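*Asks:* Okay, so here is structure-v4.cif, and as you'll see once you scroll down, it has mmCIF, C-alpha atoms (C1' of nucleotides).
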data_input
loop_
_atom_site.label_atom_id
_atom_site.label_comp_id
_atom_site.auth_asym_id
_atom_site.auth_seq_id
_atom_site.Cartn_x
_atom_site.Cartn_y
_atom_site.Cartn_z
CA MET A 1 0.00 0.00 0.00
CA PHE A 2 2.79 2.38 0.83
CA ASP A 3 5.41 1.08 -1.58
CA GLN A 4 4.83 4.26 -3.51
CA PHE A 5 5.65 6.38 -0.46
CA PRO A 6 9.16 5.56 0.67
CA GLY A 7 9.30 8.35 3.25
CA LEU A 8 6.95 6.54 5.57
CA GLY A 9 8.47 4.91 8.65
CA GLU A 10 7.64 1.49 10.06
CA GLU A 11 6.13 2.91 13.17
CA ALA A 12 3.67 5.06 11.28
CA LYS A 13 2.77 2.19 8.98
CA ILE A 14 1.96 -0.04 11.91
CA ALA A 15 -0.08 2.63 13.62
CA PHE A 16 -1.92 3.29 10.37
CA GLU A 17 -2.64 -0.35 9.72
CA LYS A 18 -4.06 -0.72 13.19
CA GLU A 19 -6.72 1.81 12.29
CA LEU A 20 -7.59 0.15 9.02
CA ASP A 21 -10.81 -1.58 8.57
CA SER A 22 -11.41 -3.96 5.71
CA LEU A 23 -14.55 -4.29 3.66
CA LEU A 24 -15.92 -6.45 0.88
CA VAL A 25 -18.51 -4.87 -1.40
CA ASP A 26 -20.58 -6.51 -4.09
CA LYS A 27 -20.93 -5.15 -7.57
CA GLY A 28 -23.05 -2.04 -7.43
CA GLY A 29 -22.61 -1.67 -3.66
CA LEU A 30 -22.11 1.88 -2.42
CA LEU A 31 -19.08 2.92 -0.45
CA GLU A 32 -20.22 6.49 -0.18
CA GLN A 33 -23.50 8.19 -0.72
CA GLU A 34 -24.42 11.69 -1.72
CA GLY A 35 -25.83 13.81 1.06
CA LYS A 36 -23.58 12.26 3.69
CA VAL A 37 -20.23 13.55 4.83
CA CYS A 38 -17.55 11.24 3.54
CA ASP A 39 -15.71 9.86 6.54
CA HIS A 40 -13.30 7.44 4.95
CA LEU A 41 -10.21 7.27 2.89
CA TYR A 42 -10.25 4.02 0.95
CA PHE A 43 -7.58 1.89 -0.60
CA ILE A 44 -8.65 -0.63 -3.23
CA ILE A 45 -7.10 -4.01 -2.55
CA GLU A 46 -8.97 -5.81 -5.29
CA GLY A 47 -11.58 -4.75 -7.80
CA SER A 48 -12.60 -1.33 -9.00
CA ALA A 49 -14.90 1.54 -8.21
CA ARG A 50 -16.29 4.65 -9.74
CA SER A 51 -17.54 7.83 -8.27
CA PHE A 52 -20.46 9.58 -9.83
CA TYR A 53 -23.25 11.91 -9.12
CA ARG A 54 -26.73 12.32 -10.25
CA LYS A 55 -27.99 14.99 -12.52
CA GLU A 56 -31.55 14.85 -13.72
CA ASN A 57 -31.84 11.13 -13.07
CA LYS A 58 -28.65 10.35 -14.89
CA ASP A 59 -25.43 9.12 -13.33
CA ILE A 60 -22.48 11.24 -14.23
CA THR A 61 -19.20 9.44 -13.65
CA VAL A 62 -16.48 11.62 -12.21
CA SER A 63 -13.68 9.13 -11.72
CA PHE A 64 -12.68 5.52 -11.93
CA SER A 65 -10.37 3.78 -9.46
CA LEU A 66 -8.59 0.47 -9.77
CA GLU A 67 -6.78 -1.79 -7.33
CA GLY A 68 -3.73 -0.25 -5.72
CA GLU A 69 -5.24 3.21 -5.69
CA PHE A 70 -6.45 5.43 -2.88
CA LEU A 71 -9.93 6.74 -3.19
CA THR A 72 -12.38 8.96 -1.40
CA ALA A 73 -15.05 11.56 -2.06
CA MET A 74 -12.26 14.05 -1.69
CA HIS A 75 -14.34 17.19 -1.79
CA SER A 76 -16.46 16.10 1.14
CA PHE A 77 -13.61 14.38 2.95
CA ILE A 78 -11.65 17.61 2.90
CA SER A 79 -14.42 20.09 3.47
CA ARG A 80 -16.48 17.99 5.89
CA LYS A 81 -19.60 18.98 4.03
CA PRO A 82 -22.17 16.55 2.63
CA SER A 83 -20.94 14.86 -0.47
CA TYR A 84 -22.58 15.21 -3.84
CA GLU A 85 -20.73 12.11 -4.96
CA ASN A 86 -21.57 8.47 -4.74
CA ILE A 87 -18.89 5.83 -4.83
CA GLU A 88 -19.86 2.46 -6.14
CA ALA A 89 -18.03 -0.84 -6.62
CA MET A 90 -17.92 -1.77 -10.29
CA GLU A 91 -17.42 -5.43 -9.43
CA LYS A 92 -16.89 -7.45 -6.26
CA THR A 93 -14.36 -5.23 -4.57
CA LYS A 94 -12.18 -5.44 -1.49
CA VAL A 95 -11.13 -2.21 0.16
CA ALA A 96 -9.27 -1.14 3.27
CA ARG A 97 -10.36 2.12 4.80
CA ILE A 98 -9.52 4.51 7.55
CA LYS A 99 -11.73 7.07 9.24
CA TYR A 100 -11.14 10.76 8.81
CA GLU A 101 -10.93 11.21 12.58
CA SER A 102 -8.41 8.43 12.98
CA LEU A 103 -6.31 9.89 10.25
CA LEU A 104 -6.24 13.31 11.88
CA LYS A 105 -5.28 11.73 15.20
CA LEU A 106 -2.48 9.81 13.57
CA PHE A 107 -1.19 13.02 12.02
CA GLU A 108 -0.60 14.42 15.49
CA LYS A 109 1.79 11.63 16.31
CA HIS A 110 3.20 10.71 12.94
CA HIS A 111 4.49 13.61 10.98
CA ASP A 112 5.54 11.33 8.14
CA LEU A 113 2.00 10.09 7.76
CA GLU A 114 0.68 13.58 7.28
CA ARG A 115 3.33 13.98 4.65
CA THR A 116 2.25 10.80 2.92
CA TYR A 117 -1.32 12.00 2.98
CA ARG A 118 -0.14 15.24 1.49
CA LEU A 119 1.50 13.25 -1.30
CA ILE A 120 -1.70 11.33 -1.93
CA LEU A 121 -3.53 14.61 -2.10
CA GLU A 122 -0.97 15.93 -4.53
CA ARG A 123 -1.50 12.96 -6.76
CA TYR A 124 -5.19 13.45 -6.62
CA TYR A 125 -4.67 17.03 -7.59
CA VAL A 126 -2.39 16.31 -10.50
CA SER A 127 -4.71 13.71 -11.93
CA LEU A 128 -7.65 16.04 -11.59
CA GLU A 129 -5.80 18.80 -13.34
CA GLU A 130 -4.86 16.48 -16.15
CA GLN A 131 -8.45 15.47 -16.46
CA LEU A 132 -9.58 19.07 -16.62
CA ILE A 133 -7.13 20.07 -19.28
CA PHE A 134 -7.67 16.95 -21.22
CA SER A 135 -11.40 17.42 -21.22
CA LYS A 136 -11.03 21.06 -22.09
CA PHE A 137 -9.13 20.88 -25.31
CA LYS A 138 -9.90 17.70 -27.04
CA SER A 139 -12.68 16.54 -29.26
CA ALA A 140 -14.93 13.72 -28.13
CA ARG A 141 -12.94 11.29 -30.25
CA ASP A 142 -9.57 12.37 -28.88
CA ARG A 143 -10.79 12.15 -25.31
CA TYR A 144 -11.72 8.56 -25.96
CA LEU A 145 -8.42 7.74 -27.66
CA ASP A 146 -6.57 9.29 -24.74
CA LEU A 147 -8.47 7.19 -22.28
CA MET A 148 -7.60 4.10 -24.32
CA ASP A 149 -3.95 5.05 -24.13
CA TYR A 150 -3.74 6.01 -20.51
CA ARG A 151 -6.25 3.81 -18.77
CA PRO A 152 -7.14 0.92 -21.03
CA LYS A 153 -8.37 -1.13 -18.10
CA ILE A 154 -11.22 1.26 -17.59
CA ILE A 155 -12.48 0.69 -21.08
CA GLN A 156 -12.49 -3.02 -20.41
CA ARG A 157 -14.33 -2.77 -17.13
CA ALA A 158 -16.74 0.12 -17.38
CA SER A 159 -19.92 0.31 -19.40
CA VAL A 160 -20.34 2.56 -22.41
CA GLY A 161 -22.73 4.69 -20.42
CA GLN A 162 -20.26 5.15 -17.58
CA ILE A 163 -17.42 5.99 -19.89
CA ALA A 164 -19.57 8.36 -21.91
CA THR A 165 -20.52 10.50 -18.94
CA TYR A 166 -16.95 10.42 -17.70
CA LEU A 167 -15.73 11.71 -21.04
CA ASP A 168 -18.55 14.20 -21.16
CA MET A 169 -20.35 13.04 -24.25
CA SER A 170 -23.58 11.24 -24.98
CA ILE A 171 -23.76 7.47 -25.05
CA GLU A 172 -24.63 7.60 -28.73
CA THR A 173 -21.61 9.70 -29.58
CA LEU A 174 -19.31 7.30 -27.76
CA SER A 175 -20.89 4.34 -29.45
CA ARG A 176 -20.35 5.93 -32.84
CA ILE A 177 -16.73 6.71 -32.00
CA ARG A 178 -16.15 3.13 -30.97
CA GLY A 179 -17.67 1.89 -34.17
CA LYS A 180 -15.23 3.87 -36.23
CA ILE A 181 -11.88 2.87 -34.77
CA MET B 1 -1.76 35.95 4.94
CA PHE B 2 -2.45 33.21 7.43
CA ASP B 3 -5.63 34.61 8.94
CA GLN B 4 -7.41 31.84 7.14
CA PHE B 5 -5.23 29.21 8.83
CA PRO B 6 -5.67 29.49 12.57
CA GLY B 7 -3.68 26.35 13.34
CA LEU B 8 -0.41 28.03 12.49
CA GLY B 9 1.85 29.01 15.40
CA GLU B 10 3.78 32.27 15.78
CA GLU B 11 7.10 30.55 15.50
CA ALA B 12 6.27 28.96 12.19
CA LYS B 13 4.87 32.20 10.85
CA ILE B 14 8.06 34.04 11.68
CA ALA B 15 10.23 31.35 10.16
CA PHE B 16 8.06 31.39 7.06
CA GLU B 17 8.11 35.13 6.68
CA LYS B 18 11.87 35.10 6.91
CA GLU B 19 11.99 33.00 3.78
CA LEU B 20 9.61 35.21 1.88
CA ASP B 21 10.76 37.29 -0.94
CA SER B 22 8.67 40.10 -2.32
CA LEU B 23 8.25 41.05 -5.94
CA LEU B 24 6.55 43.71 -8.01
CA VAL B 25 5.48 42.75 -11.52
CA ASP B 26 4.11 44.96 -14.24
CA LYS B 27 1.01 44.19 -16.20
CA GLY B 28 1.75 41.29 -18.50
CA GLY B 29 4.90 40.33 -16.61
CA LEU B 30 5.48 36.61 -16.19
CA LEU B 31 5.83 34.99 -12.79
CA GLU B 32 6.23 31.55 -14.24
CA GLN B 33 7.00 30.26 -17.68
CA GLU B 34 6.18 27.05 -19.46
CA GLY B 35 9.08 24.70 -19.86
CA LYS B 36 10.60 25.60 -16.51
CA VAL B 37 10.05 23.82 -13.23
CA CYS B 38 7.96 26.06 -11.02
CA ASP B 39 9.98 26.78 -7.90
CA HIS B 40 7.73 29.17 -6.04
CA LEU B 41 4.57 29.35 -4.10
CA TYR B 42 3.15 32.86 -4.46
CA PHE B 43 0.81 34.92 -2.41
CA ILE B 44 -0.84 37.89 -4.07
CA ILE B 45 -0.58 40.97 -1.90
CA GLU B 46 -2.05 43.34 -4.43
CA GLY B 47 -3.26 42.91 -7.98
CA SER B 48 -4.23 39.81 -9.90
CA ALA B 49 -2.80 37.09 -12.07
CA ARG B 50 -3.87 34.41 -14.43
CA SER B 51 -2.31 31.17 -15.41
CA PHE B 52 -2.62 29.97 -18.95
CA TYR B 53 -1.00 27.82 -21.50
CA ARG B 54 -0.56 27.94 -25.17
CA LYS B 55 -2.30 25.77 -27.64
CA GLU B 56 -1.81 26.43 -31.30
CA ASN B 57 -0.77 30.02 -30.73
CA LYS B 58 -3.73 30.76 -28.52
CA ASP B 59 -3.59 31.41 -24.79
CA ILE B 60 -5.86 29.18 -22.83
CA THR B 61 -6.58 30.56 -19.38
CA VAL B 62 -6.66 27.93 -16.66
CA SER B 63 -7.20 30.04 -13.58
CA PHE B 64 -7.47 33.53 -12.23
CA SER B 65 -6.10 34.64 -8.87
CA LEU B 66 -6.82 37.78 -6.91
CA GLU B 67 -5.19 39.48 -3.92
CA GLY B 68 -5.22 37.43 -0.76
CA GLU B 69 -4.87 34.16 -2.63
CA PHE B 70 -2.04 31.67 -2.87
CA LEU B 71 -0.94 30.75 -6.32
CA THR B 72 1.52 28.53 -8.09
CA ALA B 73 1.83 26.33 -11.16
CA MET B 74 0.72 23.56 -8.86
CA HIS B 75 1.23 20.68 -11.25
CA SER B 76 4.88 21.53 -11.77
CA PHE B 77 5.43 22.67 -8.20
CA ILE B 78 4.24 19.31 -6.96
CA SER B 79 5.73 17.05 -9.56
CA ARG B 80 8.99 18.96 -10.09
CA LYS B 81 8.56 18.57 -13.80
CA PRO B 82 8.64 21.40 -16.34
CA SER B 83 5.49 23.42 -16.27
CA TYR B 84 3.15 23.73 -19.20
CA GLU B 85 1.62 26.77 -17.54
CA ASN B 86 2.55 30.40 -17.67
CA ILE B 87 1.54 32.76 -14.89
CA GLU B 88 1.11 36.38 -15.79
CA ALA B 89 0.20 39.51 -13.86
CA MET B 90 -3.05 40.97 -15.14
CA GLU B 91 -2.15 44.41 -13.79
CA LYS B 92 0.65 45.85 -11.71
CA THR B 93 0.87 43.17 -9.06
CA LYS B 94 2.72 42.71 -5.80
CA VAL B 95 3.43 39.19 -4.65
CA ALA B 96 5.30 37.49 -1.85
CA ARG B 97 6.83 34.16 -2.68
CA ILE B 98 8.72 31.30 -1.12
CA LYS B 99 10.94 28.75 -2.79
CA TYR B 100 9.96 25.13 -2.98
CA GLU B 101 13.19 24.09 -1.29
CA SER B 102 12.73 26.54 1.56
CA LEU B 103 9.24 25.32 2.07
CA LEU B 104 10.34 21.69 2.32
CA LYS B 105 13.03 22.65 4.79
CA LEU B 106 10.55 24.52 6.91
CA PHE B 107 8.29 21.49 6.94
CA GLU B 108 11.02 19.52 8.71
CA LYS B 109 10.98 21.92 11.60
CA HIS B 110 7.44 23.18 11.60
CA HIS B 111 4.86 20.51 11.49
CA ASP B 112 2.07 23.08 11.59
CA LEU B 113 3.39 24.70 8.45
CA GLU B 114 3.21 21.47 6.55
CA ARG B 115 -0.34 21.21 7.76
CA THR B 116 -1.13 24.68 6.53
CA TYR B 117 0.37 23.83 3.19
CA ARG B 118 -1.79 20.75 3.13
CA LEU B 119 -4.80 22.96 3.72
CA ILE B 120 -3.80 25.25 0.88
CA LEU B 121 -3.46 22.22 -1.31
CA GLU B 122 -6.89 21.03 -0.24
CA ARG B 123 -8.37 24.35 -1.20
CA TYR B 124 -6.68 24.21 -4.52
CA TYR B 125 -8.10 20.77 -4.99
CA VAL B 126 -11.63 21.70 -4.07
CA SER B 127 -11.66 24.68 -6.35
CA LEU B 128 -10.32 22.62 -9.19
CA GLU B 129 -12.95 19.99 -8.65
CA GLU B 130 -15.64 22.61 -8.64
CA GLN B 131 -14.28 23.98 -11.84
CA LEU B 132 -14.30 20.56 -13.45
CA ILE B 133 -17.83 19.75 -12.48
CA PHE B 134 -19.04 23.17 -13.29
CA SER B 135 -17.50 23.04 -16.73
CA LYS B 136 -18.80 19.56 -17.27
CA PHE B 137 -22.47 20.07 -16.80
CA LYS B 138 -23.40 23.54 -17.71
CA SER B 139 -24.11 25.29 -20.94
CA ALA B 140 -21.86 28.10 -22.10
CA ARG B 141 -24.38 30.63 -20.83
CA ASP B 142 -24.69 29.03 -17.39
CA ARG B 143 -20.94 28.82 -17.00
CA TYR B 144 -20.76 32.54 -17.56
CA LEU B 145 -23.62 33.29 -15.18
CA ASP B 146 -21.93 31.15 -12.54
CA LEU B 147 -18.71 33.03 -12.93
CA MET B 148 -20.61 36.29 -12.54
CA ASP B 149 -22.11 35.00 -9.31
CA TYR B 150 -19.02 33.48 -7.78
CA ARG B 151 -16.18 35.64 -9.00
CA PRO B 152 -17.56 38.89 -10.32
CA LYS B 153 -14.22 40.60 -9.91
CA ILE B 154 -12.76 38.42 -12.60
CA ILE B 155 -15.31 39.62 -15.09
CA GLN B 156 -14.35 43.18 -14.28
CA ARG B 157 -10.64 42.62 -14.61
CA ALA B 158 -10.09 40.03 -17.30
CA SER B 159 -10.57 40.45 -21.03
CA VAL B 160 -13.29 38.74 -23.00
CA GLY B 161 -10.70 36.55 -24.64
CA GLN B 162 -9.25 35.45 -21.31
CA ILE B 163 -12.63 34.69 -19.83
CA ALA B 164 -13.75 32.87 -22.96
CA THR B 165 -10.88 30.40 -22.93
CA TYR B 166 -11.29 29.98 -19.19
CA LEU B 167 -14.95 29.09 -19.65
CA ASP B 168 -14.11 26.92 -22.61
CA MET B 169 -16.01 28.71 -25.30
CA SER B 170 -15.12 30.87 -28.27
CA ILE B 171 -14.73 34.59 -27.90
CA GLU B 172 -17.68 35.14 -30.20
CA THR B 173 -19.94 32.92 -28.16
CA LEU B 174 -19.03 34.78 -24.98
CA SER B 175 -19.56 38.09 -26.64
CA ARG B 176 -23.03 37.03 -27.77
CA ILE B 177 -23.87 35.76 -24.28
CA ARG B 178 -22.81 39.06 -22.79
CA GLY B 179 -24.93 40.94 -25.27
CA LYS B 180 -28.04 39.11 -24.19
CA ILE B 181 -28.01 39.55 -20.41
"C1'" DC C 1 -3.92 63.94 -30.19
"C1'" DT C 2 -3.77 60.66 -33.83
"C1'" DG C 3 -2.75 56.78 -36.45
"C1'" DA C 4 -1.85 51.96 -35.55
"C1'" DT C 5 -2.76 48.00 -33.19
"C1'" DT C 6 -5.62 45.08 -30.54
"C1'" DA C 7 -10.01 43.65 -28.65
"C1'" DT C 8 -14.90 43.11 -29.14
"C1'" DT C 9 -19.13 42.63 -31.51
"C1'" DT C 10 -22.10 41.08 -35.18
"C1'" DG C 11 -23.51 38.25 -39.22
"C1'" DA C 12 -23.64 34.16 -42.14
"C1'" DC C 13 -22.67 29.64 -42.45
"C1'" DT C 14 -20.56 25.00 -40.83
"C1'" DT C 15 -19.51 21.46 -37.72
"C1'" DT C 16 -19.96 18.79 -33.75
"C1'" DT C 17 -22.53 16.73 -30.69
"C1'" DC C 18 -27.10 16.05 -28.77
"C1'" DT C 19 -31.80 14.22 -28.55
"C1'" DC C 20 -35.35 11.22 -29.64
"C1'" DA C 21 -36.77 6.93 -31.56
"C1'" DA C 22 -36.28 2.34 -32.76
"C1'" DA C 23 -33.73 -1.92 -33.50
"C1'" DA C 24 -30.34 -5.24 -32.01
"C1'" DG C 25 -27.68 -7.35 -28.48
"C1'" DA C 26 -26.68 -8.64 -23.51
"C1'" DT C 27 -27.79 -9.82 -18.97
"C1'" DT C 28 -30.64 -11.28 -15.14
"C1'" DA C 29 -34.17 -13.47 -12.52
"C1'" DT C 30 -37.45 -16.86 -12.32
"C1'" DA D 1 -34.52 -21.62 -21.10
"C1'" DT D 2 -37.28 -17.64 -21.57
"C1'" DA D 3 -39.28 -13.44 -20.60
"C1'" DA D 4 -38.13 -9.11 -18.90
"C1'" DT D 5 -34.92 -5.63 -18.38
"C1'" DC D 6 -31.02 -3.09 -19.48
"C1'" DT D 7 -27.32 -1.72 -22.70
"C1'" DT D 8 -25.54 -0.66 -27.07
"C1'" DT D 9 -25.96 0.54 -31.78
"C1'" DT D 10 -27.90 3.02 -35.66
"C1'" DG D 11 -30.57 6.66 -38.03
"C1'" DA D 12 -32.56 11.25 -38.71
"C1'" DG D 13 -33.19 15.75 -37.49
"C1'" DA D 14 -32.24 19.70 -34.07
"C1'" DA D 15 -29.48 22.56 -31.23
"C1'" DA D 16 -25.36 24.50 -29.45
"C1'" DA D 17 -21.31 26.32 -30.27
"C1'" DG D 18 -17.51 26.98 -33.63
"C1'" DT D 19 -15.24 29.30 -37.69
"C1'" DC D 20 -14.40 32.90 -40.85
"C1'" DA D 21 -15.01 37.59 -42.22
"C1'" DA D 22 -16.03 42.23 -41.62
"C1'" DA D 23 -17.36 46.24 -38.86
"C1'" DT D 24 -16.86 48.83 -34.39
"C1'" DA D 25 -14.74 50.10 -30.39
"C1'" DA D 26 -10.98 50.53 -27.27
"C1'" DT D 27 -6.15 50.98 -26.15
"C1'" DC D 28 -1.40 52.24 -26.91
"C1'" DA D 29 2.80 54.43 -28.62
"C1'" DG D 30 4.89 58.20 -30.58
#
As structure tokens, how would this structure be written, given the file I've shared?

*Replies:*
Amino acid sequence: MFDQFPGLGEEAKIAFEKELDSLLVDKGGLLEQEGKVCDHLYFIIEGSARSFYRKENKDITVSFSLEGEFLTAMHSFISRKPSYENIEAMEKTKVARIKYESLLKLFEKHHDLERTYRLILERYYVSLEEQLIFSKFKSARDRYLDLMDYRPKIIQRASVGQIATYLDMSIETLSRIRGKI
Amino acid sequence: MFDQFPGLGEEAKIAFEKELDSLLVDKGGLLEQEGKVCDHLYFIIEGSARSFYRKENKDITVSFSLEGEFLTAMHSFISRKPSYENIEAMEKTKVARIKYESLLKLFEKHHDLERTYRLILERYYVSLEEQLIFSKFKSARDRYLDLMDYRPKIIQRASVGQIATYLDMSIETLSRIRGKI
DNA sequence: CTGATTATTTGACTTTTCTCAAAAGATTAT
DNA sequence: ATAATCTTTTGAGAAAAGTCAAATAATCAG
């Protein structure tokens, strides 16, 4: 879990792992729900998830997460306000999670853990920024081709509808793009 | 500068301020340039700035910042890779800034400063997420109306062209929207 | 102040993507 | 296995926003 964060000491790791709580969710099961404050930072051990929200009875996918990645409804987790996001398992998925409160407590004792969290946050930020820019300046077709290049696994695991809202185009447009490759 | 971050102790503030470096930039002057690693976190004391990048000889505005706000080419600042962003003063602008290296050093000594930085980062994140969602699900007209509501000062200070690329629409479309309010 | 440059607005037309509708293909529960 | 449901594909027409071009308006340098 922390291979990617070499600065983290053994002591902090152990303390962190003590606070972890593990969870198995079925396909379609919700890890987080809109309207509630998101209290957990998740780590996907196995499986995949997507976060989405609802607009006029449609699900709009905001992000996809695969095993080995941290995940939360960051906006709510940070701001402590009710989330507008839902997080749903895309298949049978195993996650570890830690409570917001526990995390803050651990920060008091383990400086290096707060740093690691900061790094996770930074990653989150960078990927969001890439997503913004990428969505801003490319045609529907290029957004799809980019996704194929950078995150091919998502195309294998997510439905056309989920991918379409993620890429900000209609299902029909995506279907037509796929037909023409 | 730190009024918004009550958790920060006097000692850390003093140490931080010691590392600050103040700068006056003329209208159009560049604080950061694409291709270079961004080494500074800025704070706008007076004036305003925008960050943008170039695509096919056009400037695409990514964000606007006003006095009292922290600002950097976050992607590069975080990743230590060359920036694709430029940051430019929109008028005569006074900034304070700290070097990336100095900041990291201060983190070693002042845990509360690293926390404050984390909070700045969180804010950055939240505003980026809002921008993404906001750009994703609104019509050109609604994006403009939202900007008028949330950041009216930007509309007063930035040019039509700058606002148009920020809102991801053509200059002509924005001009027509403005004509019809 | 004045000509030159740059920014904004307006018009006509094009392109991209959307919406609605229907058909075809999968998936799920009984 | 089969009906029922959900997802994907395909077609046709509509809407939103883009492009190109020209006219105004604003800003800047000498």

*Asks:* At what distance in Å, to one decimal, does atom CA of Lys105 of chain A lie from atom CA of Tyr42 of chain A?

*Replies:*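 Straight-line distance from atom CA of Tyr42 of chain A to atom CA of Lys105 of chain A works out to 16.9 Å.
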
*Asks:* Counting all atoms listed in the file, give me one row per residue of chain D with an atom at most 12 Å from an atom of chain A, showing the shortest contact pair and its distance in Å to one decimal, sorted by chain then residue number, as a tab-separated table.

*Replies:*
residue	atom	partner	partner_atom	distance
D:DC6	C1'	A:Gly161	CA	11.4
D:DT7	C1'	A:Val160	CA	8.2
D:DT8	C1'	A:Ser175	CA	7.2
D:DT9	C1'	A:Ser175	CA	6.8
D:DT10	C1'	A:Arg176	CA	8.6
D:DG11	C1'	A:Glu172	CA	11.1

*Asks:* If the PyMOL selection byres ((chain D and resi 13) around 12) were run on this exact file, what residues would it hold? Put them as a PyMOL selection string.

*Replies:* (chain C and resi 18-21) or (chain D and resi 11-12+14-15)

*Asks:* Please list as a list in words every residue within 8 Å of Phe77 of chain B, counting all atoms listed in the file and excluding residues in the same chain fewer than 6 positions away.

*Replies:*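 Those residues are Val37, Cys38, Asp39, His40, Leu41 and Tyr100 of chain B.
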
*Asks:* Between A:Arg80, A:Arg178, A:Arg141, A:Lys55, which residue has the minimum interatomic distance to chain C, considering only C-alpha atoms (C1' of nucleotides)?

*Replies:*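 For chain C, the nearest of the given residues is A:Arg141.
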
*Asks:* Go through A:Glu129, A:Glu122, A:Asp168, A:Asp3 one by one, measure the shortest atom-to-atom distance of each to chain C using only C-alpha atoms (C1' of nucleotides), and give the residue with the smallest value.

*Replies:*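 Under the stated criterion, the closest residue is A:Asp168.
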
*Asks:* Using the chain letters and residue numbers of this document, give as a PyMOL selection string the residues selected by the PyMOL selection byres ((chain C) within 9 of (chain B)).

*Replies:* chain C and resi 7-10

*Asks:* Near chain A, which residues of chain B fall within 8 Å when you count only C-alpha atoms, and what do they look like as a PyMOL selection string?

*Replies:* chain B and resi 75+78+111+114-115+118+121-122+125-126+128-129+132+136+168

*Asks:* Calculate how many Å separate atom CA of Ile44 of chain B from atom CA of Lys94 of chain B, rounding to one decimal.

*Replies:* 6.2 Å

*Asks:* Quote the spacing between atom CA of Glu85 of chain A and atom CA of Leu71 of chain A in Å to one decimal place.

*Replies:*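 If I compute the distance from atom CA of Glu85 of chain A to atom CA of Leu71 of chain A, I get 12.2 Å.
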
*Asks:* Determine the residue set returned by the PyMOL selection byres ((chain D and resi 19) around 9) for the present structure, and present it as a PyMOL selection string.

*Replies:* (chain C and resi 13-15) or (chain D and resi 18+20)

*Asks:* If we count all atoms listed in the file, what is near Asn86 of chain B at a cut-off of 7 Å, once residues fewer than 6 positions away on the same chain are taken out, given as a list of chain:residue names?

*Replies:*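 The residues satisfying every condition are B:Glu32, B:Gln33, B:Glu34, B:Ser51, B:Phe52, B:Tyr53.
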
*Asks:* For a quick check of understanding, using all atoms listed in the file, which of A:Ile87, A:Val95, A:Ile120, A:Lys138 has the smallest distance to Phe5 of chain A?

*Replies:*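 Looking at the shortest contact to Phe5 of chain A, the residue is A:Ile120.
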
*Asks:* Edge lengths and centre, in Å to one decimal, as AutoDock Vina command-line options: that's what I need for the box along x, y and z that holds all listed atoms of segment 48-52 of chain A plus 5 Å on each side.

*Replies:*
--center_x -16.5 --center_y 4.1 --center_z -9.0 --size_x 17.9 --size_y 20.9 --size_z 11.6

*Asks:* Residues near segment 25-29 of chain B, anyone? I mean within 10 Å using only C-alpha atoms (C1' of nucleotides), not counting same-chain ones fewer than 3 positions away, as JSON, numbers by chain.

*Replies:* {"B": [32, 47, 48, 49, 50, 87, 88, 89, 90, 91, 92, 93, 94, 95]}

*Asks:* Any chance you can output those residues with C-alpha atoms as a PDB file, keeping the file's coordinate frame?

*Replies:*
ATOM      1  CA  GLU B  32       6.230  31.550 -14.240  1.00  0.00           C
ATOM      2  CA  GLY B  47      -3.260  42.910  -7.980  1.00  0.00           C
ATOM      3  CA  SER B  48      -4.230  39.810  -9.900  1.00  0.00           C
ATOM      4  CA  ALA B  49      -2.800  37.090 -12.070  1.00  0.00           C
ATOM      5  CA  ARG B  50      -3.870  34.410 -14.430  1.00  0.00           C
ATOM      6  CA  ILE B  87       1.540  32.760 -14.890  1.00  0.00           C
ATOM      7  CA  GLU B  88       1.110  36.380 -15.790  1.00  0.00           C
ATOM      8  CA  ALA B  89       0.200  39.510 -13.860  1.00  0.00           C
ATOM      9  CA  MET B  90      -3.050  40.970 -15.140  1.00  0.00           C
ATOM     10  CA  GLU B  91      -2.150  44.410 -13.790  1.00  0.00           C
ATOM     11  CA  LYS B  92       0.650  45.850 -11.710  1.00  0.00           C
ATOM     12  CA  THR B  93       0.870  43.170  -9.060  1.00  0.00           C
ATOM     13  CA  LYS B  94       2.720  42.710  -5.800  1.00  0.00           C
ATOM     14  CA  VAL B  95       3.430  39.190  -4.650  1.00  0.00           C
TER      15      VAL B  95
END

*Asks:* Counting only C-alpha atoms (C1' of nucleotides), find residues at most 7 Å from (-7.3, -0.2, -3.5) (file frame) and give them as a PyMOL selection string.

*Replies:* chain A and resi 42-46+66-70+95

*Asks:* Restricting it to C-alpha atoms, dump the selection as a short mmCIF file (atom, residue, chain, number, x, y, z; two decimals), in the frame of the given file.

*Replies:*
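File produced: selection_23.cif:
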data_model
loop_
_atom_site.label_atom_id
_atom_site.label_comp_id
_atom_site.auth_asym_id
_atom_site.auth_seq_id
_atom_site.Cartn_x
_atom_site.Cartn_y
_atom_site.Cartn_z
CA TYR A 42 -10.25 4.02 0.95
CA PHE A 43 -7.58 1.89 -0.60
CA ILE A 44 -8.65 -0.63 -3.23
CA ILE A 45 -7.10 -4.01 -2.55
CA GLU A 46 -8.97 -5.81 -5.29
CA LEU A 66 -8.59 0.47 -9.77
CA GLU A 67 -6.78 -1.79 -7.33
CA GLY A 68 -3.73 -0.25 -5.72
CA GLU A 69 -5.24 3.21 -5.69
CA PHE A 70 -6.45 5.43 -2.88
CA VAL A 95 -11.13 -2.21 0.16
#
